[in-house]
$ cat upload.tsv   # TSV, C-alpha atoms (C1' of nucleotides)
chain	number	residue	atom	x	y	z
M	1209	MET	CA	0.00	0.00	0.00
M	1210	ILE	CA	1.39	3.38	-0.97
M	1211	ARG	CA	0.30	6.20	1.27
M	1212	ASN	CA	-0.33	9.81	0.50
M	1213	THR	CA	1.73	11.47	3.19
M	1214	ARG	CA	2.19	15.12	3.97
M	1215	GLN	CA	5.92	14.90	3.29
M	1216	ARG	CA	5.56	13.28	-0.10
M	1217	ALA	CA	2.96	15.80	-1.16
M	1218	ALA	CA	5.23	18.59	0.07
M	1219	VAL	CA	8.18	17.40	-2.01
M	1220	ASN	CA	5.87	17.08	-4.98
M	1221	ALA	CA	4.63	20.62	-4.37
M	1222	VAL	CA	8.16	22.01	-4.23
M	1223	PHE	CA	8.82	20.78	-7.75
M	1224	ASP	CA	5.56	22.39	-8.87
M	1225	GLU	CA	6.99	25.72	-7.80
M	1226	LEU	CA	10.50	25.24	-9.11
M	1227	GLU	CA	11.85	25.86	-12.57
M	1228	GLY	CA	14.81	23.89	-13.87
M	1229	PHE	CA	16.82	21.15	-12.19
M	1230	HIS	CA	17.34	20.96	-8.44
M	1231	SER	CA	19.13	18.47	-6.21
M	1232	ALA	CA	17.57	16.55	-3.35
M	1233	GLN	CA	19.80	18.42	-0.94
M	1234	GLU	CA	18.59	21.72	-2.35
M	1235	VAL	CA	14.95	20.71	-2.04
M	1236	HIS	CA	15.58	19.57	1.52
M	1237	ALA	CA	17.26	22.84	2.44
M	1238	ARG	CA	14.44	24.80	0.83
M	1239	MET	CA	11.79	22.89	2.77
M	1240	ARG	CA	13.66	23.25	6.05
M	1241	ALA	CA	14.05	26.96	5.39
M	1242	ALA	CA	10.29	27.13	4.83
M	1243	GLY	CA	9.75	25.66	8.29
M	1244	ASP	CA	9.15	22.07	7.24
M	1245	THR	CA	10.81	19.47	9.49
M	1246	ILE	CA	11.22	16.85	6.78
M	1247	GLY	CA	14.29	14.61	6.94
M	1248	LEU	CA	16.87	14.29	4.20
M	1249	SER	CA	16.25	10.56	3.85
M	1250	THR	CA	12.60	11.27	3.31
M	1251	VAL	CA	13.38	13.77	0.58
M	1252	TYR	CA	15.56	11.19	-1.18
M	1253	ARG	CA	12.86	8.57	-0.86
M	1254	ALA	CA	10.14	10.90	-2.07
M	1255	VAL	CA	12.20	12.12	-5.00
M	1256	GLN	CA	13.03	8.58	-6.08
M	1257	ALA	CA	9.42	7.55	-5.80
M	1258	LEU	CA	8.49	10.48	-8.03
M	1259	VAL	CA	11.15	9.49	-10.54
M	1260	ASP	CA	9.81	5.93	-10.50
M	1261	ASP	CA	6.33	7.27	-11.09
M	1262	GLY	CA	7.59	9.30	-14.02
M	1263	GLU	CA	6.68	12.56	-12.30
M	1264	LEU	CA	10.26	13.77	-12.25
M	1265	ASP	CA	13.22	13.40	-14.55
M	1266	SER	CA	16.67	12.94	-13.10
M	1267	ILE	CA	20.07	13.58	-14.60
M	1268	ARG	CA	23.57	13.65	-13.13
M	1269	THR	CA	25.71	16.76	-13.06
M	1270	ASP	CA	29.35	16.50	-13.96
M	1271	ALA	CA	30.04	16.56	-10.23
M	1272	GLY	CA	28.06	13.35	-9.81
M	1273	GLU	CA	25.14	14.95	-8.04
M	1274	ALA	CA	21.66	13.82	-9.05
M	1275	ILE	CA	19.34	16.67	-9.98
M	1276	TYR	CA	15.61	16.51	-10.61
M	1277	ARG	CA	12.93	18.37	-12.47
M	1278	ARG	CA	9.20	18.09	-13.03
M	1279	CYS	CA	8.75	16.89	-16.59
M	1280	SER	CA	6.14	16.10	-19.12
M	1281	ALA	CA	5.45	12.40	-19.42
M	1282	ARG	CA	6.42	12.01	-23.06
M	1283	HIS	CA	9.96	11.20	-24.07
M	1284	HIS	CA	12.11	14.30	-24.49
M	1285	HIS	CA	15.54	15.76	-23.85
M	1286	HIS	CA	16.85	18.79	-22.02
M	1287	LEU	CA	18.52	21.98	-23.07
M	1288	VAL	CA	20.15	23.31	-19.92
M	1289	CYS	CA	21.66	26.74	-19.38
M	1290	ARG	CA	24.93	26.20	-17.59
M	1291	ALA	CA	24.80	29.70	-16.14
M	1292	CYS	CA	21.29	30.03	-14.67
M	1293	GLY	CA	20.12	26.41	-14.77
M	1294	ARG	CA	17.08	27.27	-16.88
M	1295	THR	CA	15.86	24.20	-18.75
M	1296	GLU	CA	13.94	23.72	-21.96
M	1297	GLU	CA	12.37	20.44	-22.91
M	1298	VAL	CA	13.11	19.55	-26.49
M	1299	GLU	CA	11.93	16.69	-28.62
M	1300	GLY	CA	13.95	15.05	-31.35
M	1301	PRO	CA	12.30	12.28	-33.29
M	1302	THR	CA	15.31	12.47	-35.59
M	1303	VAL	CA	17.58	11.59	-32.71
M	1304	GLU	CA	15.32	8.80	-31.47
M	1305	ARG	CA	15.34	7.20	-34.88
M	1306	TRP	CA	19.07	7.67	-35.29
M	1307	ALA	CA	19.82	6.09	-31.89
M	1308	ASP	CA	17.59	3.12	-32.56
M	1309	ARG	CA	19.03	2.61	-36.02
M	1310	VAL	CA	22.67	2.84	-34.89
M	1311	ALA	CA	22.04	0.46	-32.00
M	1312	GLY	CA	20.28	-1.94	-34.32
M	1313	GLU	CA	23.15	-1.84	-36.79
M	1314	HIS	CA	25.51	-2.92	-34.01
M	1315	GLY	CA	23.18	-5.71	-32.91
M	1316	PHE	CA	22.12	-4.00	-29.68
M	1317	VAL	CA	18.67	-4.59	-28.25
M	1318	ASP	CA	16.64	-3.12	-25.37
M	1319	VAL	CA	18.07	0.26	-26.19
M	1320	LYS	CA	17.77	3.46	-24.18
M	1321	HIS	CA	19.69	6.67	-24.49
M	1322	THR	CA	20.57	9.82	-22.63
M	1323	LEU	CA	20.95	13.14	-24.39
M	1324	GLU	CA	21.43	16.48	-22.69
M	1325	ILE	CA	22.44	19.71	-24.33
M	1326	PHE	CA	24.33	22.27	-22.28
M	1327	GLY	CA	24.84	25.85	-23.34
M	1328	THR	CA	24.46	29.46	-22.30
M	1329	CYS	CA	21.03	30.97	-22.76
M	1330	ALA	CA	20.59	34.30	-24.49
M	1331	ALA	CA	19.94	36.16	-21.24
M	1332	CYS	CA	23.04	34.80	-19.53
M	1333	HIS	CA	25.18	35.24	-22.59
M	1334	ALA	CA	24.92	39.01	-22.13
M	1335	THR	CA	25.76	38.95	-18.41
M	1336	ALA	CA	28.51	36.57	-17.31
M	1337	ALA	CA	27.21	34.52	-14.36
M	1338	PRO	CA	28.40	31.71	-12.05
M	1339	THR	CA	27.85	28.05	-12.94
M	1340	PRO	CA	25.25	26.12	-10.91
M	1341	VAL	CA	24.84	23.38	-13.49
M	1342	ASP	CA	27.98	22.01	-15.01
M	1343	GLY	CA	28.12	20.90	-18.56
M	1344	PRO	CA	29.83	17.75	-19.76
M	1345	ALA	CA	33.54	17.34	-19.13
M	1346	ARG	CA	33.94	16.74	-22.81
M	1347	GLN	CA	31.65	16.50	-25.75
M	1348	GLY	CA	30.64	12.93	-26.15
W	740	MET	CA	55.71	22.39	-16.10
W	741	ILE	CA	54.13	18.98	-16.60
W	742	ARG	CA	56.40	16.06	-15.90
W	743	ASN	CA	56.54	12.68	-17.49
W	744	THR	CA	56.35	10.41	-14.49
W	745	ARG	CA	56.36	6.64	-14.28
W	746	GLN	CA	52.93	6.60	-12.68
W	747	ARG	CA	51.29	8.80	-15.27
W	748	ALA	CA	52.73	6.73	-18.09
W	749	ALA	CA	51.54	3.56	-16.34
W	750	VAL	CA	47.96	4.80	-16.09
W	751	ASN	CA	48.11	5.77	-19.72
W	752	ALA	CA	49.40	2.31	-20.60
W	753	VAL	CA	46.59	0.62	-18.69
W	754	PHE	CA	44.02	2.31	-20.89
W	755	ASP	CA	45.96	1.19	-23.95
W	756	GLU	CA	45.34	-2.38	-22.89
W	757	LEU	CA	41.73	-1.99	-21.81
W	758	GLU	CA	38.59	-2.18	-23.87
W	759	GLY	CA	35.47	-0.31	-22.83
W	760	PHE	CA	34.89	1.95	-19.87
W	761	HIS	CA	36.65	1.53	-16.53
W	762	SER	CA	36.56	3.45	-13.28
W	763	ALA	CA	39.54	5.03	-11.58
W	764	GLN	CA	39.08	2.60	-8.70
W	765	GLU	CA	39.17	-0.31	-11.09
W	766	VAL	CA	42.33	0.95	-12.79
W	767	HIS	CA	43.93	1.44	-9.40
W	768	ALA	CA	43.01	-2.08	-8.27
W	769	ARG	CA	44.33	-3.50	-11.53
W	770	MET	CA	47.65	-1.69	-11.18
W	771	ARG	CA	48.04	-2.75	-7.56
W	772	ALA	CA	47.25	-6.32	-8.53
W	773	ALA	CA	49.97	-6.09	-11.17
W	774	GLY	CA	52.47	-5.13	-8.47
W	775	ASP	CA	52.42	-1.37	-9.01
W	776	THR	CA	52.48	0.69	-5.80
W	777	ILE	CA	50.62	3.65	-7.24
W	778	GLY	CA	48.24	5.53	-4.94
W	779	LEU	CA	44.57	6.07	-5.57
W	780	SER	CA	44.97	9.84	-5.51
W	781	THR	CA	47.60	9.57	-8.18
W	782	VAL	CA	45.32	7.49	-10.38
W	783	TYR	CA	42.60	10.12	-10.05
W	784	ARG	CA	45.05	12.87	-10.87
W	785	ALA	CA	46.47	11.00	-13.84
W	786	VAL	CA	43.06	10.12	-15.20
W	787	GLN	CA	41.83	13.68	-14.93
W	788	ALA	CA	44.95	14.95	-16.61
W	789	LEU	CA	44.34	12.50	-19.47
W	790	VAL	CA	40.76	13.66	-19.76
W	791	ASP	CA	41.94	17.26	-19.86
W	792	ASP	CA	44.40	16.34	-22.58
W	793	GLY	CA	41.62	14.69	-24.56
W	794	GLU	CA	43.27	11.28	-24.29
W	795	LEU	CA	40.36	9.79	-22.39
W	796	ASP	CA	36.63	10.24	-22.46
W	797	SER	CA	34.69	10.19	-19.22
W	798	ILE	CA	31.04	9.52	-18.55
W	799	ARG	CA	29.07	8.95	-15.35
W	800	THR	CA	27.24	5.76	-14.57
W	801	ASP	CA	23.80	5.95	-13.10
W	802	ALA	CA	25.43	5.16	-9.76
W	803	GLY	CA	27.40	8.39	-10.01
W	804	GLU	CA	30.75	6.73	-10.61
W	805	ALA	CA	32.99	8.27	-13.24
W	806	ILE	CA	34.24	5.81	-15.84
W	807	TYR	CA	36.90	6.39	-18.46
W	808	ARG	CA	37.94	5.07	-21.82
W	809	ARG	CA	40.65	5.74	-24.39
W	810	CYS	CA	38.93	7.41	-27.30
W	811	SER	CA	39.61	8.66	-30.75
W	812	ALA	CA	40.16	12.40	-30.89
W	813	ARG	CA	37.24	13.22	-33.14
W	814	HIS	CA	33.83	13.94	-31.72
W	815	HIS	CA	31.71	10.83	-31.27
W	816	HIS	CA	29.26	9.09	-28.98
W	817	HIS	CA	29.14	5.74	-27.23
W	818	LEU	CA	27.03	2.67	-27.57
W	819	VAL	CA	27.53	0.77	-24.32
W	820	CYS	CA	26.45	-2.78	-23.53
W	821	ARG	CA	24.91	-2.69	-20.08
W	822	ALA	CA	25.72	-6.37	-19.57
W	823	CYS	CA	29.38	-6.73	-20.55
W	824	GLY	CA	30.44	-3.07	-20.75
W	825	ARG	CA	31.57	-3.43	-24.35
W	826	THR	CA	31.62	-0.05	-26.07
W	827	GLU	CA	31.28	1.03	-29.66
W	828	GLU	CA	32.15	4.50	-30.84
W	829	VAL	CA	29.47	5.89	-33.09
W	830	GLU	CA	29.31	9.10	-35.04
W	831	GLY	CA	26.15	11.01	-35.76
W	832	PRO	CA	26.44	14.15	-37.84
W	833	THR	CA	22.64	14.16	-37.88
W	834	VAL	CA	22.60	14.46	-34.12
W	835	GLU	CA	25.28	17.13	-34.06
W	836	ARG	CA	23.32	19.24	-36.48
W	837	TRP	CA	20.07	18.64	-34.64
W	838	ALA	CA	21.57	19.64	-31.29
W	839	ASP	CA	23.12	22.79	-32.70
W	840	ARG	CA	19.94	23.75	-34.47
W	841	VAL	CA	17.68	23.16	-31.46
W	842	ALA	CA	20.04	25.08	-29.18
W	843	GLY	CA	20.18	27.91	-31.69
W	844	GLU	CA	16.42	28.08	-31.96
W	845	HIS	CA	16.22	28.57	-28.19
W	846	GLY	CA	18.90	31.27	-28.27
W	847	PHE	CA	21.57	29.13	-26.62
W	848	VAL	CA	25.23	29.66	-27.45
W	849	ASP	CA	28.49	27.87	-26.60
W	850	VAL	CA	26.66	24.58	-26.91
W	851	LYS	CA	27.92	21.13	-26.01
W	852	HIS	CA	26.01	17.92	-25.61
W	853	THR	CA	26.24	14.46	-24.09
W	854	LEU	CA	24.73	11.45	-25.78
W	855	GLU	CA	25.17	7.87	-24.67
W	856	ILE	CA	23.24	4.89	-25.90
W	857	PHE	CA	22.80	1.93	-23.56
W	858	GLY	CA	21.59	-1.47	-24.65
W	859	THR	CA	22.33	-5.15	-24.61
W	860	CYS	CA	24.74	-6.39	-27.25
W	861	ALA	CA	23.90	-9.40	-29.40
W	862	ALA	CA	26.25	-11.71	-27.51
W	863	CYS	CA	24.85	-10.79	-24.09
W	864	HIS	CA	21.29	-10.85	-25.32
W	865	ALA	CA	21.57	-14.63	-25.71
W	866	THR	CA	23.11	-15.19	-22.26
W	867	ALA	CA	21.66	-13.18	-19.36
W	868	ALA	CA	24.54	-11.54	-17.50
W	869	PRO	CA	25.09	-9.18	-14.53
W	870	THR	CA	25.18	-5.41	-14.96
W	871	PRO	CA	28.58	-3.72	-14.64
W	872	VAL	CA	27.52	-0.57	-16.49
W	873	ASP	CA	24.13	0.86	-15.64
W	874	GLY	CA	21.99	2.48	-18.18
W	875	PRO	CA	20.06	5.69	-17.64
W	876	ALA	CA	17.46	5.83	-14.89
W	877	ARG	CA	14.99	7.01	-17.46
W	878	GLN	CA	15.14	7.79	-21.10
W	879	GLY	CA	15.93	11.44	-21.48
O	771	DG	C1'	76.86	15.26	-14.18
O	772	DG	C1'	75.21	17.84	-9.93
O	773	DG	C1'	72.27	21.25	-7.38
O	774	DG	C1'	68.10	23.40	-6.62
O	775	DC	C1'	63.41	23.55	-6.62
O	776	DA	C1'	58.86	23.26	-8.48
O	777	DT	C1'	55.98	19.58	-9.27
O	778	DG	C1'	54.36	14.86	-8.41
O	779	DT	C1'	53.60	11.08	-5.24
O	780	DG	C1'	51.23	8.23	-1.74
O	781	DA	C1'	48.80	7.26	2.56
O	782	DG	C1'	45.18	8.43	4.77
O	783	DA	C1'	41.93	11.85	6.43
O	784	DA	C1'	38.17	14.52	5.05
O	785	DC	C1'	34.39	15.66	2.33
O	786	DT	C1'	30.03	15.02	-0.30
O	787	DG	C1'	26.07	12.78	-1.89
O	788	DT	C1'	23.45	8.89	-1.08
O	789	DT	C1'	21.57	4.81	1.18
O	790	DG	C1'	20.65	1.86	5.21
O	791	DT	C1'	19.07	1.27	9.99
O	792	DC	C1'	15.98	1.48	13.66
O	793	DG	C1'	12.71	3.01	16.91
O	794	DA	C1'	8.71	5.88	16.70
O	795	DC	C1'	4.84	7.44	14.28
O	796	DT	C1'	0.63	7.29	11.49
O	797	DG	C1'	-2.80	6.54	7.77
O	798	DA	C1'	-5.86	3.06	5.95
O	799	DC	C1'	-8.65	-0.65	6.69
O	800	DC	C1'	-11.48	-3.28	9.85
J	694	DG	C1'	-10.92	3.06	18.28
J	695	DG	C1'	-7.59	-0.95	17.29
J	696	DT	C1'	-4.26	-3.00	14.44
J	697	DC	C1'	-0.36	-3.06	11.66
J	698	DA	C1'	2.24	-2.31	7.54
J	699	DG	C1'	4.14	1.59	5.46
J	700	DT	C1'	6.48	5.76	6.44
J	701	DC	C1'	9.12	9.11	9.03
J	702	DG	C1'	13.38	11.36	10.80
J	703	DA	C1'	17.86	11.29	12.93
J	704	DC	C1'	21.90	9.50	12.33
J	705	DA	C1'	25.29	5.98	11.01
J	706	DA	C1'	27.37	3.93	7.27
J	707	DC	C1'	29.01	3.75	2.77
J	708	DA	C1'	31.26	4.81	-1.77
J	709	DG	C1'	33.53	7.76	-4.70
J	710	DT	C1'	36.34	11.59	-4.89
J	711	DT	C1'	39.29	15.31	-3.28
J	712	DC	C1'	42.44	17.39	-0.03
J	713	DT	C1'	46.57	17.51	2.91
J	714	DC	C1'	51.22	17.18	3.83
J	715	DA	C1'	55.63	15.22	4.24
J	716	DC	C1'	58.61	13.12	1.18
J	717	DA	C1'	60.40	11.93	-3.48
J	718	DT	C1'	61.85	13.08	-8.03
J	719	DG	C1'	62.05	14.94	-12.87
J	720	DC	C1'	63.67	18.89	-15.24
J	721	DC	C1'	66.22	23.19	-15.95
J	722	DC	C1'	70.38	25.59	-15.39
J	723	DC	C1'	75.06	25.69	-14.52

$ encode --input "upload.tsv" --output "structure tokens"
Amino acid sequence: MIRNTRQRAAVNAVFDELEGFHSAQEVHARMRAAGDTIGLSTVYRAVQALVDDGELDSIRTDAGEAIYRRCSARHHHHLVCRACGRTEEVEGPTVERWADRVAGEHGFVDVKHTLEIFGTCAACHATAAPTPVDGPARQG
Amino acid sequence: MIRNTRQRAAVNAVFDELEGFHSAQEVHARMRAAGDTIGLSTVYRAVQALVDDGELDSIRTDAGEAIYRRCSARHHHHLVCRACGRTEEVEGPTVERWADRVAGEHGFVDVKHTLEIFGTCAACHATAAPTPVDGPARQG
DNA sequence: GGGGCATGTGAGAACTGTTGTCGACTGACC
DNA sequence: GGTCAGTCGACAACAGTTCTCACATGCCCC
């Protein structure tokens, strides 16, 4: 039996309010700052449950930290500003087809792929800013 | 001044011998097993230096561990078997163009992207095997 | 070839993000 | 309201990585 608890709903609500990707630690800190007494373990559990339910998408930063974002259910990719963390969902049927075809040509089955695009958004390009979300160590 | 040390050359040599992706810990264990007295810190330093030099490519597993592989210099992506860790380099000019175009349409500049394809290779598909290299938590 | 010194090394501590543990709590079903 | 499995929260434990610091050594200059 899966319960609807106050804590889980609260974590869910936080992602409703937030734009872009945020780490579990960040969500925890934000909730504690807002007066919520939720534990860090609970935030991790709630976030993972939401990922399992398909409510959130998770990616890993270059630093190895998992970050999360409320996403649409359909398959898509992310265009992430490495300066402000702003995220756009983008769809690429071309890429899906290409990935499936290439995998098939090499005899691979049960294929999934990860694709994230990192760049500097127009707004941040004008004003140099710090780097909350790291891009890839190397193009690959 | 960057020195040519025995240790750095040894780490480099290990990747010459290895196929597929391997973690720093794994390389360290392998070198120790071979009688080398290299320290773990040194392996991390050497590996990062090689990544900086473009000699190695690094990606993160879903578990957050950084894994490395000797790669060709040109831009490419990886097709990784999640059962045996076998890796194929694949090139996708279609994808490169798509990523640049999409980023451009959203006003993003200085764009880089990560793309990894995870699947089960033909050989492993026949024989169920354990999972040394995790795929993505969710397609994205 | 030898001296000097900046750079690299290695062992282990420290740090960070994440997961596991355990007693207490609580929401759903009766 | 009673029962009990699922959940909570504090904290310990864990894994991967980075930092520290005393010591070693490769390279430049003579």

$ closest_residue --input "upload.tsv" --among "M:Ala1311, M:Cys1289, M:Ala1271, M:Val1317" --to "DT786 of chain O" --atoms "all atoms listed in the file"
M:Ala1271

$ atom_distance --input "upload.tsv" --atom1 "atom CA of Gly778 of chain W" --atom2 "atom C1' of DG780 of chain O"
5.1 Å

$ atom_distance --input "upload.tsv" --atom1 "atom CA of Ala1334 of chain M" --atom2 "atom CA of Glu1297 of chain M"
22.4 Å

$ calpha_fit_and_write --input "upload.tsv" --fixed "chain M" --moving "chain W" --output "mmCIF file with C-alpha atoms, keeping the file's coordinate frame"
data_model
loop_
_atom_site.group_PDB
_atom_site.id
_atom_site.type_symbol
_atom_site.label_atom_id
_atom_site.label_comp_id
_atom_site.auth_asym_id
_atom_site.auth_seq_id
_atom_site.Cartn_x
_atom_site.Cartn_y
_atom_site.Cartn_z
ATOM 1 C CA MET W 740 0.681 -0.333 -0.216
ATOM 2 C CA ILE W 741 1.895 3.169 -1.015
ATOM 3 C CA ARG W 742 0.651 5.851 1.315
ATOM 4 C CA ASN W 743 -0.166 9.436 0.645
ATOM 5 C CA THR W 744 1.879 11.195 3.274
ATOM 6 C CA ARG W 745 2.239 14.878 4.024
ATOM 7 C CA GLN W 746 5.954 14.785 3.305
ATOM 8 C CA ARG W 747 5.636 13.096 -0.054
ATOM 9 C CA ALA W 748 2.965 15.541 -1.146
ATOM 10 C CA ALA W 749 5.154 18.427 0.040
ATOM 11 C CA VAL W 750 8.122 17.296 -2.040
ATOM 12 C CA ASN W 751 5.828 16.922 -4.995
ATOM 13 C CA ALA W 752 4.496 20.429 -4.415
ATOM 14 C CA VAL W 753 7.996 21.890 -4.273
ATOM 15 C CA PHE W 754 8.692 20.675 -7.786
ATOM 16 C CA ASP W 755 5.413 22.204 -8.923
ATOM 17 C CA GLU W 756 6.765 25.575 -7.894
ATOM 18 C CA LEU W 757 10.296 25.148 -9.198
ATOM 19 C CA GLU W 758 11.658 25.785 -12.645
ATOM 20 C CA GLY W 759 14.672 23.888 -13.922
ATOM 21 C CA PHE W 760 16.715 21.200 -12.245
ATOM 22 C CA HIS W 761 17.255 21.008 -8.490
ATOM 23 C CA SER W 762 19.091 18.591 -6.245
ATOM 24 C CA ALA W 763 17.558 16.648 -3.391
ATOM 25 C CA GLN W 764 19.764 18.594 -0.991
ATOM 26 C CA GLU W 765 18.492 21.847 -2.400
ATOM 27 C CA VAL W 766 14.858 20.764 -2.104
ATOM 28 C CA HIS W 767 15.498 19.672 1.458
ATOM 29 C CA ALA W 768 17.131 22.994 2.361
ATOM 30 C CA ARG W 769 14.258 24.874 0.748
ATOM 31 C CA MET W 770 11.650 22.910 2.688
ATOM 32 C CA ARG W 771 13.506 23.354 5.965
ATOM 33 C CA ALA W 772 13.817 27.061 5.276
ATOM 34 C CA ALA W 773 10.061 27.162 4.723
ATOM 35 C CA GLY W 774 9.539 25.686 8.188
ATOM 36 C CA ASP W 775 9.021 22.067 7.153
ATOM 37 C CA THR W 776 10.703 19.513 9.433
ATOM 38 C CA ILE W 777 11.182 16.897 6.747
ATOM 39 C CA GLY W 778 14.326 14.757 6.905
ATOM 40 C CA LEU W 779 16.902 14.462 4.178
ATOM 41 C CA SER W 780 16.367 10.720 3.883
ATOM 42 C CA THR W 781 12.699 11.323 3.329
ATOM 43 C CA VAL W 782 13.406 13.814 0.562
ATOM 44 C CA TYR W 783 15.633 11.268 -1.164
ATOM 45 C CA ARG W 784 12.989 8.599 -0.809
ATOM 46 C CA ALA W 785 10.234 10.872 -2.063
ATOM 47 C CA VAL W 786 12.267 12.086 -5.003
ATOM 48 C CA GLN W 787 13.190 8.577 -6.050
ATOM 49 C CA ALA W 788 9.599 7.482 -5.763
ATOM 50 C CA LEU W 789 8.592 10.384 -8.026
ATOM 51 C CA VAL W 790 11.252 9.419 -10.523
ATOM 52 C CA ASP W 791 10.002 5.842 -10.465
ATOM 53 C CA ASP W 792 6.486 7.100 -11.058
ATOM 54 C CA GLY W 793 7.698 9.150 -14.007
ATOM 55 C CA GLU W 794 6.739 12.408 -12.307
ATOM 56 C CA LEU W 795 10.301 13.677 -12.262
ATOM 57 C CA ASP W 796 13.257 13.382 -14.564
ATOM 58 C CA SER W 797 16.717 12.977 -13.104
ATOM 59 C CA ILE W 798 20.111 13.664 -14.597
ATOM 60 C CA ARG W 799 23.606 13.779 -13.108
ATOM 61 C CA THR W 800 25.752 16.866 -13.065
ATOM 62 C CA ASP W 801 29.384 16.567 -13.930
ATOM 63 C CA ALA W 802 30.054 16.744 -10.194
ATOM 64 C CA GLY W 803 28.100 13.527 -9.738
ATOM 65 C CA GLU W 804 25.142 15.138 -8.007
ATOM 66 C CA ALA W 805 21.696 13.963 -9.033
ATOM 67 C CA ILE W 806 19.332 16.765 -10.001
ATOM 68 C CA TYR W 807 15.614 16.520 -10.627
ATOM 69 C CA ARG W 808 12.904 18.328 -12.498
ATOM 70 C CA ARG W 809 9.168 17.984 -13.069
ATOM 71 C CA CYS W 810 8.764 16.873 -16.649
ATOM 72 C CA SER W 811 6.126 16.174 -19.195
ATOM 73 C CA ALA W 812 5.354 12.489 -19.557
ATOM 74 C CA ARG W 813 6.362 12.153 -23.181
ATOM 75 C CA HIS W 814 9.907 11.338 -24.149
ATOM 76 C CA HIS W 815 12.091 14.410 -24.551
ATOM 77 C CA HIS W 816 15.523 15.845 -23.889
ATOM 78 C CA HIS W 817 16.855 18.868 -22.050
ATOM 79 C CA LEU W 818 18.570 22.029 -23.083
ATOM 80 C CA VAL W 819 20.177 23.357 -19.909
ATOM 81 C CA CYS W 820 21.743 26.769 -19.366
ATOM 82 C CA ARG W 821 24.992 26.177 -17.527
ATOM 83 C CA ALA W 822 24.871 29.694 -16.085
ATOM 84 C CA CYS W 823 21.356 30.073 -14.675
ATOM 85 C CA GLY W 824 20.141 26.457 -14.776
ATOM 86 C CA ARG W 825 17.156 27.354 -16.933
ATOM 87 C CA THR W 826 15.895 24.298 -18.792
ATOM 88 C CA GLU W 827 14.015 23.828 -22.019
ATOM 89 C CA GLU W 828 12.397 20.566 -22.983
ATOM 90 C CA VAL W 829 13.173 19.659 -26.554
ATOM 91 C CA GLU W 830 11.960 16.816 -28.694
ATOM 92 C CA GLY W 831 13.981 15.165 -31.404
ATOM 93 C CA PRO W 832 12.332 12.396 -33.374
ATOM 94 C CA THR W 833 15.391 12.532 -35.625
ATOM 95 C CA VAL W 834 17.588 11.628 -32.696
ATOM 96 C CA GLU W 835 15.275 8.887 -31.492
ATOM 97 C CA ARG W 836 15.321 7.271 -34.889
ATOM 98 C CA TRP W 837 19.066 7.684 -35.226
ATOM 99 C CA ALA W 838 19.730 6.099 -31.832
ATOM 100 C CA ASP W 839 17.448 3.165 -32.534
ATOM 101 C CA ARG W 840 18.937 2.622 -35.948
ATOM 102 C CA VAL W 841 22.557 2.799 -34.776
ATOM 103 C CA ALA W 842 21.842 0.449 -31.874
ATOM 104 C CA GLY W 843 20.086 -1.940 -34.227
ATOM 105 C CA GLU W 844 22.968 -1.925 -36.663
ATOM 106 C CA HIS W 845 25.289 -3.012 -33.848
ATOM 107 C CA GLY W 846 22.892 -5.760 -32.760
ATOM 108 C CA PHE W 847 21.824 -4.016 -29.559
ATOM 109 C CA VAL W 848 18.338 -4.539 -28.166
ATOM 110 C CA ASP W 849 16.305 -3.032 -25.312
ATOM 111 C CA VAL W 850 17.824 0.330 -26.124
ATOM 112 C CA LYS W 851 17.550 3.540 -24.143
ATOM 113 C CA HIS W 852 19.541 6.711 -24.448
ATOM 114 C CA THR W 853 20.463 9.868 -22.572
ATOM 115 C CA LEU W 854 20.903 13.165 -24.341
ATOM 116 C CA GLU W 855 21.424 16.499 -22.651
ATOM 117 C CA ILE W 856 22.470 19.708 -24.303
ATOM 118 C CA PHE W 857 24.380 22.264 -22.240
ATOM 119 C CA GLY W 858 24.950 25.838 -23.296
ATOM 120 C CA THR W 859 24.613 29.433 -22.269
ATOM 121 C CA CYS W 860 21.205 30.995 -22.779
ATOM 122 C CA ALA W 861 20.833 34.343 -24.523
ATOM 123 C CA ALA W 862 20.176 36.227 -21.291
ATOM 124 C CA CYS W 863 23.239 34.817 -19.521
ATOM 125 C CA HIS W 864 25.416 35.207 -22.570
ATOM 126 C CA ALA W 865 25.209 38.987 -22.140
ATOM 127 C CA THR W 866 26.001 38.923 -18.404
ATOM 128 C CA ALA W 867 28.731 36.524 -17.245
ATOM 129 C CA ALA W 868 27.368 34.499 -14.332
ATOM 130 C CA PRO W 869 28.494 31.670 -12.003
ATOM 131 C CA THR W 870 27.925 28.019 -12.870
ATOM 132 C CA PRO W 871 25.243 26.176 -10.889
ATOM 133 C CA VAL W 872 24.822 23.409 -13.465
ATOM 134 C CA ASP W 873 27.973 21.986 -14.984
ATOM 135 C CA GLY W 874 28.127 20.879 -18.506
ATOM 136 C CA PRO W 875 29.797 17.697 -19.693
ATOM 137 C CA ALA W 876 33.495 17.209 -19.038
ATOM 138 C CA ARG W 877 33.928 16.553 -22.710
ATOM 139 C CA GLN W 878 31.641 16.369 -25.645
ATOM 140 C CA GLY W 879 30.541 12.802 -26.045
#

$ interface_residues --input "upload.tsv" --of "chain M" --to "chain W" --cutoff "8 Å" --atoms "all atoms listed in the file" --output "VMD selection string"
chain M and resid 1265 to 1266 1268 1270 1272 to 1274 1283 to 1287 1289 1298 1300 1302 to 1303 1306 to 1307 1310 to 1311 1314 to 1330 1333 1343 to 1348

$ residues_near_point --input "upload.tsv" --point "(44.8, 9.0, 4.8)" --cutoff "12 Å" --atoms "only C-alpha atoms (C1' of nucleotides)" --output "short mmCIF file (atom, residue, chain, number, x, y, z; two decimals) with C-alpha atoms (C1' of nucleotides), in the coordinates of the input"
data_model
loop_
_atom_site.label_atom_id
_atom_site.label_comp_id
_atom_site.auth_asym_id
_atom_site.auth_seq_id
_atom_site.Cartn_x
_atom_site.Cartn_y
_atom_site.Cartn_z
CA GLY W 778 48.24 5.53 -4.94
CA LEU W 779 44.57 6.07 -5.57
CA SER W 780 44.97 9.84 -5.51
"C1'" DG O 780 51.23 8.23 -1.74
"C1'" DA O 781 48.80 7.26 2.56
"C1'" DG O 782 45.18 8.43 4.77
"C1'" DA O 783 41.93 11.85 6.43
"C1'" DA O 784 38.17 14.52 5.05
"C1'" DT J 711 39.29 15.31 -3.28
"C1'" DC J 712 42.44 17.39 -0.03
"C1'" DT J 713 46.57 17.51 2.91
"C1'" DC J 714 51.22 17.18 3.83
#
